[in-house]
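The structure under discussion appears below in the form of structure tokens.
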Amino acid sequence: MKLNNRWKRLLALLAVIGLVLTACGDDTGADTTSPDTTSPDTSAPDGECTEPDDVRVQLQWVAQSQFAGYFVAQDLGFYEDECLNVEILEGAVEIVPQTVLATGGAEFGIAWVPKALVSREQGAEIINIAQVFERSGTLSVSFVEQGITHPTDWEGKTVGNWGFGNEYELTGAINKFDVQDVELVGQNFDMLALLNGEIDAAEAMIYNEYAQVLEAENPETGELYQPEDLNVIDFNDPDVATAMLQDAIWVNAEWIAEEGNEDIAVRFLKATFRGWIHCLDNFDECVEIVLENGSTLGESHQAWQLNEILALIFPATNGIGVMNESLWDQTVEVGTAVVEELQGVTSSDDAYRTDLAQQAVDELEAEGLDVTGASYERRDIELRPGGE
Amino acid sequence: MLSFIVVTFVLIAIWEGYKLIWLQMGWIRPVRPDNTTMPHVWDMIIELFRPVRRGGDLLILDLAARSFFTLREAFLGFVIGGIFGFALSVLFVRSTLLERSFMPYVVASQTIPIIAIAPMVVVWGGRLDFPQWLSVAVISAYLTFFPVAINTLRGLKSPDPTALELMRSYAAKPREVLWKLQVPSALPYIFTALKVSATASVIGALIGELPAGFGDGLGRALLTFSQQFGARSVKLYATVIVTALVGVIFVTVVTLVERKTLAAGSRDFEVELMTGRATG
């Protein structure tokens with residue numbers, strides 16, 4: 001009957017959709033779970049690792065050299081060697097690692113200290129267990145014609161910043177040097193506003209946006225912009241000294257208090273630090289590992305980035321990841337001065353602990369690894385147009 | 001097809017003409033005519049056939065793989081949203097009370113910006129141990145179900161009241177009324193909705209990829225290339241072109257299915273009418 005025909009066609013349609021769906025499901029499933037398919041048991045030291053601990057680490061942004069240490073530890077099996085099964089959650093738009101930590105979406109999260117302190121004031125019970133970056137990567141960049149070499153030169157200028165807690169070092173400097181007449185404007189993460197002369201100075205990370213300017217063509221010369229074309233204000237500079245601590249590893253206070261989790265944390269830190277230290281002597285390999293995690297990333301840009309990131313970590317005064325207390329104090333001091341949410345915060349000392357990082361560093365040092373990277377020197381990286 | 005090509009060339013001519021005139025006159029508003037803000041159209045096309053980075057794949061190959069990844073999420077969202085939207089409309093056509101109670105929520109759901117919903121879905125999905133791609137598909141479905149629900153409801157209500165009366169006088173069960181009368185007459189409405197949903201599902205998948213932190217889809221390419229805009233904007237433009245093509249392809253597929261189904265459906269319907277008359 002005709003009814004039969006119609007039902008047959010509907011069934012056939014459903015069957016096709018079903019097939020496509022299963023195909024989809026299987027494929028995408030395999031794609032996203034591929035990190036889990038590595039079998040940690042096989043390469044465990046002395047066969048003592050029978051059941052690896054599953055942990056997740058939430059990055060602040062998408063895969064790039066800023067997170068090389070984690071990707072290197074993952075890809076070279078350093079986490080496996082510590083009997084960990086680590087899932088790296090790439091950060092992205094609208095994802096705040098502190099929130100992910102607080103809601104139990106990850107065991108470890110990477111966040112800048114001032115932003116994490118604000119999250120703590122808002123109720124997120126998180127603790128800094130390793131201060132990976134000792135120096136700040138934030139700059140204020142301007143063309144030399146502007147003559148801006150110190151925050152006091154911002155007087156009467158239009159100064160760009162990103163907002164969202166990325167601007168505290170800049171507002172800290174304005175406050176510290178009592179700059180009266182400065183127009184603060186929001187800027188995008190591309191550097192177009194600076195290149196087009198819409199703003200006089202722009203906020204830039206030394207490992208990202210600053211390089212982007214140097215990857216752009218100067219229309220007057222037809223060549224790429226050169227460092228000589230630019231003035232930078234480095235907030236680490238002792239003459240400015242409003243730098244605030246950036247990438248650190250945070251955990252949920254409740255999670256770390258549970259039995260056995262301190263041990264997991266030490267192993268995680270050990271493997272991660274091993275990843276970073278590995279990059280000191282195996283620079284090109286580390287760049288390659290980062291590039292494998294993102295086909296849209298430019299090669300010279302990521303090489304530049306790793307070079308600068310390593311310079312933010314090394315030399316590490318107390319060994320990689322162990323807090324430099326005077327910089328913590330400076331961060332809190334600048335923060336309480338200019339960050340509304342941090343006003344009245346008297347003591348943030350319980351916001352960090354150094355024992356876990358110290359233990360990881362001690363164990364690595366006992367193996368003969370260079371935990372301070374005292375001899376690290378920046379390489380010469382040639383940027384290509386567009387960072388390719 | 002010819003008209004499409006003509007329009008394409010006219011659009012290119014307008015773009016290049018603007019560039020030319022504004023450069024000559026030294027104007028910079030409303031949009032700067034320089035090669036970063038407004039690169040030549042041919043440079044965008046050429047960029048597709050350059051390696052994405054030194055030693056990397058051609059950009060077009062990289063984007064093709066990404067398109068496939070994003071399309072799969074979009075298609076899954078399209079199916080989930082389509083089924084959910086259809087189910088809602090059937091419920092609503094059966095019960096005016098349900099329609100009156102829930103329709104405001106259905107409408108309200110679409111006034112909440114998807115960028116506000118997307119991170120929540122990803123975070124909740126993560127806590128429920130959903131695979132990430134499912135979270136993205138749910139975000140995509142969120143944009144898809146609405147046009148289907150609204151249009152299908154209208155379609156289900158479209159049969160002539162006399163036809164409904166006829167079905168009732170035959171003592172047709174509600175299920176029979178639905179499948180033999182209401183759904184066939186709703187098909188044109190449903191397909192219109194599906195075409196809207198096809199583009200919406202791609203947008204939903206792109207937006208969902210961002211908070212999900214997916215590195216393999218078009219969303220990531222748009223994100224990283226927009227950051228590199230100042231240094232190499234043609235990559236972003238090339239990616240935008242490919243993204244638009246993905247939407248167009250999806251809609252074209254839906255249109256082809258529509259033609260087949262409606263053609264077959266109307267033949268069937270006529271036959272049924274004739275036999276109905278014969279037996280009646």
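If you're wondering about the labels, chains in the structure tokens are A, B, ... by order shown, residues count from 1 in each chain, ligands from 1 in order shown.
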* Contacts of region 243-256 of chain A within 6 Å, only C-alpha atoms, excl. fewer than 2 positions in-chain, as a count of residues only -> 25
message: Residues of chain B within 8 Å of chain A, counting only C-alpha atoms, what are they? List them as a ChimeraX atom specification.
response: /B:52-54,56,62,69,72,76,119,123,126-127,131-133,210-216,221,224-232,268,272
For this session: Skip Ala74 (chain B) itself and residues of its chain fewer than 6 positions away, then list as a VMD selection string all residues within 6 Å of it, counting only C-alpha atoms.
Result: chain B and resid 201 to 202 205
Give me, as a list in words, all polymer residues having an atom no more than 9 Å from Pro188 (chain B), counting only C-alpha atoms and skipping those fewer than 3 positions away in the same chain. Gly155, Pro184, Ser185, Phe191, Thr192, Ala193, Glu258 and Leu262 of chain B
Selected residues, C-alpha atoms, written as a PDB file, in the first residue's frame, please.
```pdb
ATOM      1  CA  GLY B 155       2.738  23.866   9.324  1.00  0.00           C
ATOM      2  CA  PRO B 184       2.609  16.108   4.954  1.00  0.00           C
ATOM      3  CA  SER B 185       1.101  19.571   4.817  1.00  0.00           C
ATOM      4  CA  PHE B 191      12.072  22.502   5.086  1.00  0.00           C
ATOM      5  CA  THR B 192      12.053  26.278   5.234  1.00  0.00           C
ATOM      6  CA  ALA B 193      12.939  25.946   8.916  1.00  0.00           C
ATOM      7  CA  GLU B 258      13.666  19.107   0.076  1.00  0.00           C
ATOM      8  CA  LEU B 262       8.464  17.228  -1.740  1.00  0.00           C
TER       9      LEU B 262
END
```
Requested in this report: Considering only C-alpha atoms, return as a ChimeraX atom specification whatever protein or nucleic-acid residues lie within 10 Å of Asn175 (chain A), sequence-local ones (same chain, fewer than 3 positions apart) excluded.
Outcome: /A:151,169-172,178-180,242,334,337-338
- Determine which residues of region 193-364 of chain A DSSP labels as strand (DSSP E) from the backbone of this structure, then write them out as an NGL selection string. :A and (201-205 or 230-234 or 248-252)
Residue selection dump (C-alpha atoms) as an mmCIF file, in the first residue's frame:
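File produced: result.cif:
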```cif
data_model
loop_
_atom_site.group_PDB
_atom_site.id
_atom_site.type_symbol
_atom_site.label_atom_id
_atom_site.label_comp_id
_atom_site.auth_asym_id
_atom_site.auth_seq_id
_atom_site.Cartn_x
_atom_site.Cartn_y
_atom_site.Cartn_z
ATOM 1 C CA ALA A 201 50.619 53.246 23.230
ATOM 2 C CA ALA A 202 49.261 49.722 23.367
ATOM 3 C CA GLU A 203 49.369 46.945 25.923
ATOM 4 C CA ALA A 204 51.222 43.923 24.568
ATOM 5 C CA MET A 205 52.602 40.653 25.888
ATOM 6 C CA LEU A 230 59.375 50.837 19.049
ATOM 7 C CA ASN A 231 59.673 51.995 22.633
ATOM 8 C CA VAL A 232 58.604 49.603 25.328
ATOM 9 C CA ILE A 233 57.780 50.158 28.963
ATOM 10 C CA ASP A 234 58.594 46.947 30.801
ATOM 11 C CA ALA A 248 50.888 30.175 38.239
ATOM 12 C CA ILE A 249 49.435 26.740 38.952
ATOM 13 C CA TRP A 250 46.375 26.854 41.209
ATOM 14 C CA VAL A 251 44.344 24.138 42.908
ATOM 15 C CA ASN A 252 41.045 23.989 44.723
#
```
Could you give me, as a ChimeraX atom specification, the residues within 7 Å of region 82-98 of chain B, counting only C-alpha atoms and dropping anything in the same chain fewer than 4 positions from it?
-> /B:78,102,144-146,148-149,152-153,156
Would you put the residues from that selection into a file with C-alpha atoms, as a tab-separated table (two decimals), in the first residue's frame?
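selection_33.tsv, written as the output of this step:
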```tsv
chain	number	residue	atom	x	y	z
B	78	PHE	CA	21.07	20.08	13.49
B	102	PHE	CA	5.74	26.91	27.28
B	144	THR	CA	18.52	24.94	15.62
B	145	PHE	CA	15.40	23.84	17.46
B	146	PHE	CA	13.69	27.21	17.52
B	148	VAL	CA	11.98	24.13	13.47
B	149	ALA	CA	9.56	24.32	16.41
B	152	THR	CA	6.55	23.11	12.14
B	153	LEU	CA	3.85	24.25	14.54
B	156	LEU	CA	0.91	21.36	11.51
```
**Request:** Using DSSP on the backbone, list every residue of region 121-305 of chain A that comes out as alpha helix (DSSP H), and give them as a PyMOL selection string.
**Result:** chain A and resi 121+168-176+192-195+209-214+253-257+261-281+283-292+299-305
Checklist entry - Which residues, written as a list in words, have at least one atom at most 12 Å from Val107 (chain B), with only C-alpha atoms counted and residues fewer than 3 positions away on the same chain left out? => result Glu99, Arg100, Ser101, Phe102, Met103, Pro104, Gln110, Thr111, Ile112, Tyr142, Leu143, Phe145, Phe146, Pro147, Ala149 and Ile150 of chain B
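Each of A:Ala351, A:Ala173, A:Ile199, A:Leu369 was compared to Ala124 (chain A) using only C-alpha atoms, and A:Ala351 turns out to be the nearest.
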Exercise. By how many Å are CA of Ala73 (chain A) and CA of Arg274 (chain A) apart?
Worked result: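 Straight-line distance from CA of Ala73 (chain A) to CA of Arg274 (chain A) works out to 7.0 Å.
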Across A:Phe67, A:Asp329, A:Asn282, A:Leu364, the smallest distance to Asp349 (chain A), with only C-alpha atoms counted, is shown by A:Asp329
